[in-house]
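Q: Can you read through this structure? Questions will come right after.
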Amino acid sequence: MHKDVYEYLVESGISCEYMEKEKQIKIFIQTEGNQYELRMKFPQYYPYEFPEIYIEDQKELCVPHLYTDNKLCLYDTNEVLPNPERYREEALESVRRAKDLLASSEKQENIIDYQIEAISFWDAKVAGKIDYLGSGNTDTHLLWSCEWLDDWFVVADTQDKIEEFFDNSYGLQKPKNAIFKKALFINIGISVLMHLYTIQDIHDLIPQKELSKFYSFLVSNQGEGLIILCADNGFGSCLLALKINLLSNGIKPSHRNIKGMLVANKSRKFKRLKLKNFEMKRLFTRGGDGSAAFDKKCLLIGCGSIGSYVSKAIIDTGITDNITLLDNDNLNIENLARHLCGSQYLLFPKPKSEVLKSELLKHYPAMKCNSIVGNAWEYLLNHCCLINDFDIIWVCVGNTVIEKKIIQLIKEKVIHKECIILWVEPYLIAGHALILQKEIDESTEKSIFDVNGAFNNNVLNDSKEYLKSEAGCQSAYAPYAGFEAQKFVLDFLDVYYRKVYSKEEKHNYEFTWIGKMKWARQKKFNIKSKWRAKEDRFMELKRIDNQ
């Protein structure tokens with residue numbers, strides 16, 4: 001097959017030689033400027049993979065789409081797949097693509113491609129790595145860094161964030177010998193990121209207005225330190241990480257001599273570092289559709305089953321990357337089958353707010369997540385001003401008395417932020433949500449409560465009748481499956497995001513989700529007539545304020 005390809009290339013006018021021993025084809029390409037020697041190699045699963053073409057000498061050309069082993073990248077295999085039946089034609093096409101790439105590089109017609117691939121070129125010659133837990137701040141600012149292995153750093157806004165990362169992401173305590181040092185984030189704006197080899201090359205990239213911060217950083221760090229460059233390469237922002245170490249010949253860096261010291265070190269090379277960017281925007285752009293806004297600061301009261309799924313869902317929908325969790329109960333074994341957190345948190349008693357924080361930070365290390373181990377009543381009665389610091393309050397306590405108190409505080413305008421109350425009925429026959437975005441008017445109050453002060457939209461006539469308790473257990477619980485709980489939360493968040501959250505006008509709404517209705521009818525549950533004929537997975541969103 002390889003020799004067949006060689007003969008086809010010769011017939012097509014390509015100057016080449018077949019290397020019998022190596023099972024490769026040596027190819028000679030003549031452009032307007034130079035002659036190049038290429039080698040065509042055949043991968044293990046050829047012809048189900050494209051042939052590989054390597055350049056022997058790129059003659060100091062800036063050639064984009066070139067791997068560190070001098071292999072030319074000629075196809076985007078996410079867009080184009082090989083056709084095994086046309087393997088000879090595809091080999092010829094590969095040679096033509098290689099020639100076009102080299103000819104364009106000679107004329108610098110594809111220089112923008114080189115610029116786009118700046119990070120790939122940078123990463124090809126790294127000598128260390130950084131786990132970057134950025135907050136999204138693109139202004140020039142100081143950060144904290146911690147080197148926990150040789151040339152492996154964790155960088156974040158605070159030392160606490162770094163320690164959380166060790167614990168949640170790596171399951172480690174901060175290494176005893178690890179030292180916290182300052183790092184510097186510099187926004188260099190729109191920049192050409194080619195031919196960066198020396199400290200002078202980096203110095204020339206830094207805008208004049210940011211140079212004083214660069215100098216001060218080097219002075220305070222004894223002429224060395226981690227630097228993260230934020231650049232716009234014409235197609236979006238990218239981050240490059242490096243480590244500078246100035247030779248000082250025993251002279252202590254100062255504001256007087258730092259410029260001269262940089263001149264003396266201008267030909268000295270810096271150390272390139274591979275940056276793993278954990279920023280929320282980056283994660284949800286590369287691992288999502290890029291639509292996440294993360295523009296709300298949220299408080300979640302109640303970190304049980306429903307609350308745990310809500311916390312994950314409001315991140316995944318892009319509503320928030322800043323959550324405060326409030327709960328004073330501990331996670332226990334009875335929670336596991338229907339909770340986001342697992343048994344790894346049961347070795348020692350831990351509050352649900354703390355373990356849920358750890359679980360969320362395992363998924364999203366750079367998000368802002370705070371835990372308050374406290375009683376909801378304490379905050380409702382004594383700290384409502386703190387509650388109003390948030391944009392949305394999510395209430396998942398499953399406690400009617402607390403829910404009514406929150407509604408009363410909204411009515412009295414003590415709480416004046418959007419509030420969403422979620423609860424479920426036994427066996428998840430139904431799940432409910434109240435979305436309160438404005439004052440509690442007469443229409444809203446009538447829709448929420450019946451004449452006896454109970455929630456009006458419950459599906460079962462008496463939910464307490466279906467509570468259960470285990471032998472020896474003094475407290476009743478509502479039975480429902482974890483899958484049903486997740487389905488309810490995800491369906492609600494989908495409807496909320498599309499039909500409420502994204503709207504400019506603010507109103508009050510009531511949401512009802514029907515779960516295991518068919519099963520409940522078979523079991524002859526006492527169902528309100530309004531809901532008895534509904535099918536499983538029925539949903540209703542109804543506006544309940546004055547129209």
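Letters A, B, ... go to the chains of the structure tokens in the order shown; residues in each chain start at 1; ligands are counted from 1 in the same order.
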Excluding stretch 178-194 of chain A and its own-chain neighbours fewer than 3 positions away, which residues fall within 8 Å of it when counting only C-alpha atoms? Please give them as an NGL selection string.

A: :A and (114-115 or 118 or 138-148 or 155 or 159 or 174-175 or 205-207 or 210 or 214 or 217 or 221 or 225-234)

Q: List the neighbours of A:Ala124 out to 12 Å using only C-alpha atoms; skip same-chain residues closer than 3 positions along the sequence, and give me the result as a ChimeraX atom specification.

A: /A:66-70,117-121,127-128,272-274

Q: Which residue is closest to A:Phe492? Choose from A:Cys396, A:Val310, A:Leu460, A:Leu346 and count only C-alpha atoms.

A: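 Ranking A:Cys396, A:Val310, A:Leu460, A:Leu346 by distance to A:Phe492, first place goes to A:Val310.
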
Q: Taking only C-alpha atoms into account, which of A:Gln58, A:Asn370, A:Asn458, A:Ser220 comes nearest A:Pro426?

A: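 Distance minimum relative to A:Pro426 lands on A:Asn458.
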
Q: Quick one: residues within 8 Å of A:Val459, only C-alpha atoms counted, chain neighbours fewer than 3 positions away excluded, as an NGL selection string?

A: :A and (425 or 429-430 or 527-528 or 531)

Q: Take the residues from that selection and write them out as a PDB file, in the first residue's frame, keeping N, CA, C and O atoms.

A:
```pdb
ATOM      1  N   GLU A 425     -43.615  17.235  47.627  1.00  0.00           N
ATOM      2  CA  GLU A 425     -44.582  16.440  48.384  1.00  0.00           C
ATOM      3  C   GLU A 425     -44.114  14.984  48.440  1.00  0.00           C
ATOM      4  O   GLU A 425     -43.266  14.557  47.635  1.00  0.00           O
ATOM      5  N   ILE A 429     -44.850  13.141  44.387  1.00  0.00           N
ATOM      6  CA  ILE A 429     -46.070  13.218  43.582  1.00  0.00           C
ATOM      7  C   ILE A 429     -46.084  14.558  42.860  1.00  0.00           C
ATOM      8  O   ILE A 429     -46.543  14.678  41.730  1.00  0.00           O
ATOM      9  N   ALA A 430     -45.519  15.565  43.539  1.00  0.00           N
ATOM     10  CA  ALA A 430     -45.427  16.894  42.936  1.00  0.00           C
ATOM     11  C   ALA A 430     -44.284  17.665  43.576  1.00  0.00           C
ATOM     12  O   ALA A 430     -43.897  17.411  44.721  1.00  0.00           O
ATOM     13  N   ILE A 527     -55.832  12.818  46.234  1.00  0.00           N
ATOM     14  CA  ILE A 527     -55.330  13.860  45.348  1.00  0.00           C
ATOM     15  C   ILE A 527     -56.414  14.900  45.109  1.00  0.00           C
ATOM     16  O   ILE A 527     -57.590  14.554  44.909  1.00  0.00           O
ATOM     17  N   LYS A 528     -56.040  16.160  45.113  1.00  0.00           N
ATOM     18  CA  LYS A 528     -57.006  17.220  44.820  1.00  0.00           C
ATOM     19  C   LYS A 528     -57.532  17.052  43.397  1.00  0.00           C
ATOM     20  O   LYS A 528     -56.782  16.695  42.477  1.00  0.00           O
ATOM     21  N   TRP A 531     -55.783  18.262  40.105  1.00  0.00           N
ATOM     22  CA  TRP A 531     -54.559  17.655  39.602  1.00  0.00           C
ATOM     23  C   TRP A 531     -54.702  16.177  39.245  1.00  0.00           C
ATOM     24  O   TRP A 531     -53.806  15.602  38.626  1.00  0.00           O
TER      25      TRP A 531
END
```

Q: Quick one: pick out all helix (DSSP H, G or I) residues within stretch 57-92 of chain A from a backbone DSSP run and write them as a ChimeraX atom specification.

A: /A:84-92

Q: Using the chain letters and numbers from this document, which residues of stretch 146-251 of chain A does DSSP assign to strand (DSSP E or B), as a VMD selection string?

A: chain A and resid 146 to 149 152 to 156 180 to 190 198 224 to 232 237 to 245

Q: Just want the 9 Å neighbourhood of A:Ser291, counted on only C-alpha atoms, with same-chain residues fewer than 6 positions away dropped. Output as a list in words.

A: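 Contacts, in chain order: Phe284, Thr285, Thr317 and Gly318 of chain A.
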
Q: So that I can see what lies close to stretch 71-80 of chain A, please list as a ChimeraX atom specification the residues with an atom at most 7 Å from it, counting only C-alpha atoms and leaving out residues fewer than 5 positions away in the same chain.

A: /A:52-55,65-66,94,97-98

Q: Quick one: residues within 9 Å of A:Cys384, only C-alpha atoms, excluding same-chain residues fewer than 5 positions away - as number ranges by chain?

A: A: 379, 409, 414-415

Q: Can I get the selection written as a PDB file, in the first residue's frame, with N, CA and C atoms?

A:
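What follows is the written file selection_8.pdb:
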```pdb
ATOM      1  N   TYR A 379     -30.866  34.124  61.077  1.00  0.00           N
ATOM      2  CA  TYR A 379     -30.656  35.100  60.013  1.00  0.00           C
ATOM      3  C   TYR A 379     -31.955  35.798  59.627  1.00  0.00           C
ATOM      4  N   LEU A 409     -41.844  38.386  55.546  1.00  0.00           N
ATOM      5  CA  LEU A 409     -40.785  39.397  55.507  1.00  0.00           C
ATOM      6  C   LEU A 409     -40.721  40.096  54.150  1.00  0.00           C
ATOM      7  N   VAL A 414     -39.131  43.763  54.400  1.00  0.00           N
ATOM      8  CA  VAL A 414     -37.878  43.585  55.141  1.00  0.00           C
ATOM      9  C   VAL A 414     -36.869  42.890  54.235  1.00  0.00           C
ATOM     10  N   ILE A 415     -37.346  41.860  53.520  1.00  0.00           N
ATOM     11  CA  ILE A 415     -36.558  41.255  52.443  1.00  0.00           C
ATOM     12  C   ILE A 415     -37.050  41.872  51.140  1.00  0.00           C
TER      13      ILE A 415
END
```

Q: Given the choices A:Lys176, A:Arg282, A:His507, A:His339, which gets closest to A:Tyr480 if the distance is worked out from only C-alpha atoms?

A: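 Of A:Lys176, A:Arg282, A:His507, A:His339, the one nearest A:Tyr480, counting only C-alpha atoms, is A:His339.
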
Q: Taking only C-alpha atoms into account, name the residue in A:Val5, A:Val219, A:Ile130, A:Val63 that is nearest to A:Glu93.

A: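 Smallest distance to A:Glu93 is found for A:Val5.
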
Q: Nearest residue to A:Val10 out of A:Tyr132, A:Leu92, A:Leu361, A:Glu22, using only C-alpha atoms?

A: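 The answer is A:Leu92, which sits nearest to A:Val10.
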
Q: In Å, rounded to a single decimal, give me how far atom CA of A:Arg96 is from atom CA of A:Asn34.

A: 15.6 Å

Q: Extract, using only C-alpha atoms, all DNA, RNA and protein residues at most 12 Å from A:Ile306, discarding same-chain residues fewer than 2 positions from it, and format them as a VMD selection string.

A: chain A and resid 300 to 304 308 to 313 335 338 to 341 356 394 to 398 421 to 425 428 431 to 433 480 to 490 492

Q: Considering only C-alpha atoms, state which residue in the set A:Ser469, A:Gln24, A:Asn508, A:Asn461 is at the smallest distance from A:Asp4.

A: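 For A:Asp4, the nearest of the given residues is A:Gln24.
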
Q: Please, what distance in Å, to one decimal, runs between atom CA of A:Leu386 and atom CA of A:Gln408?

A: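 Rounded to one decimal, the two atoms are 17.2 Å apart.
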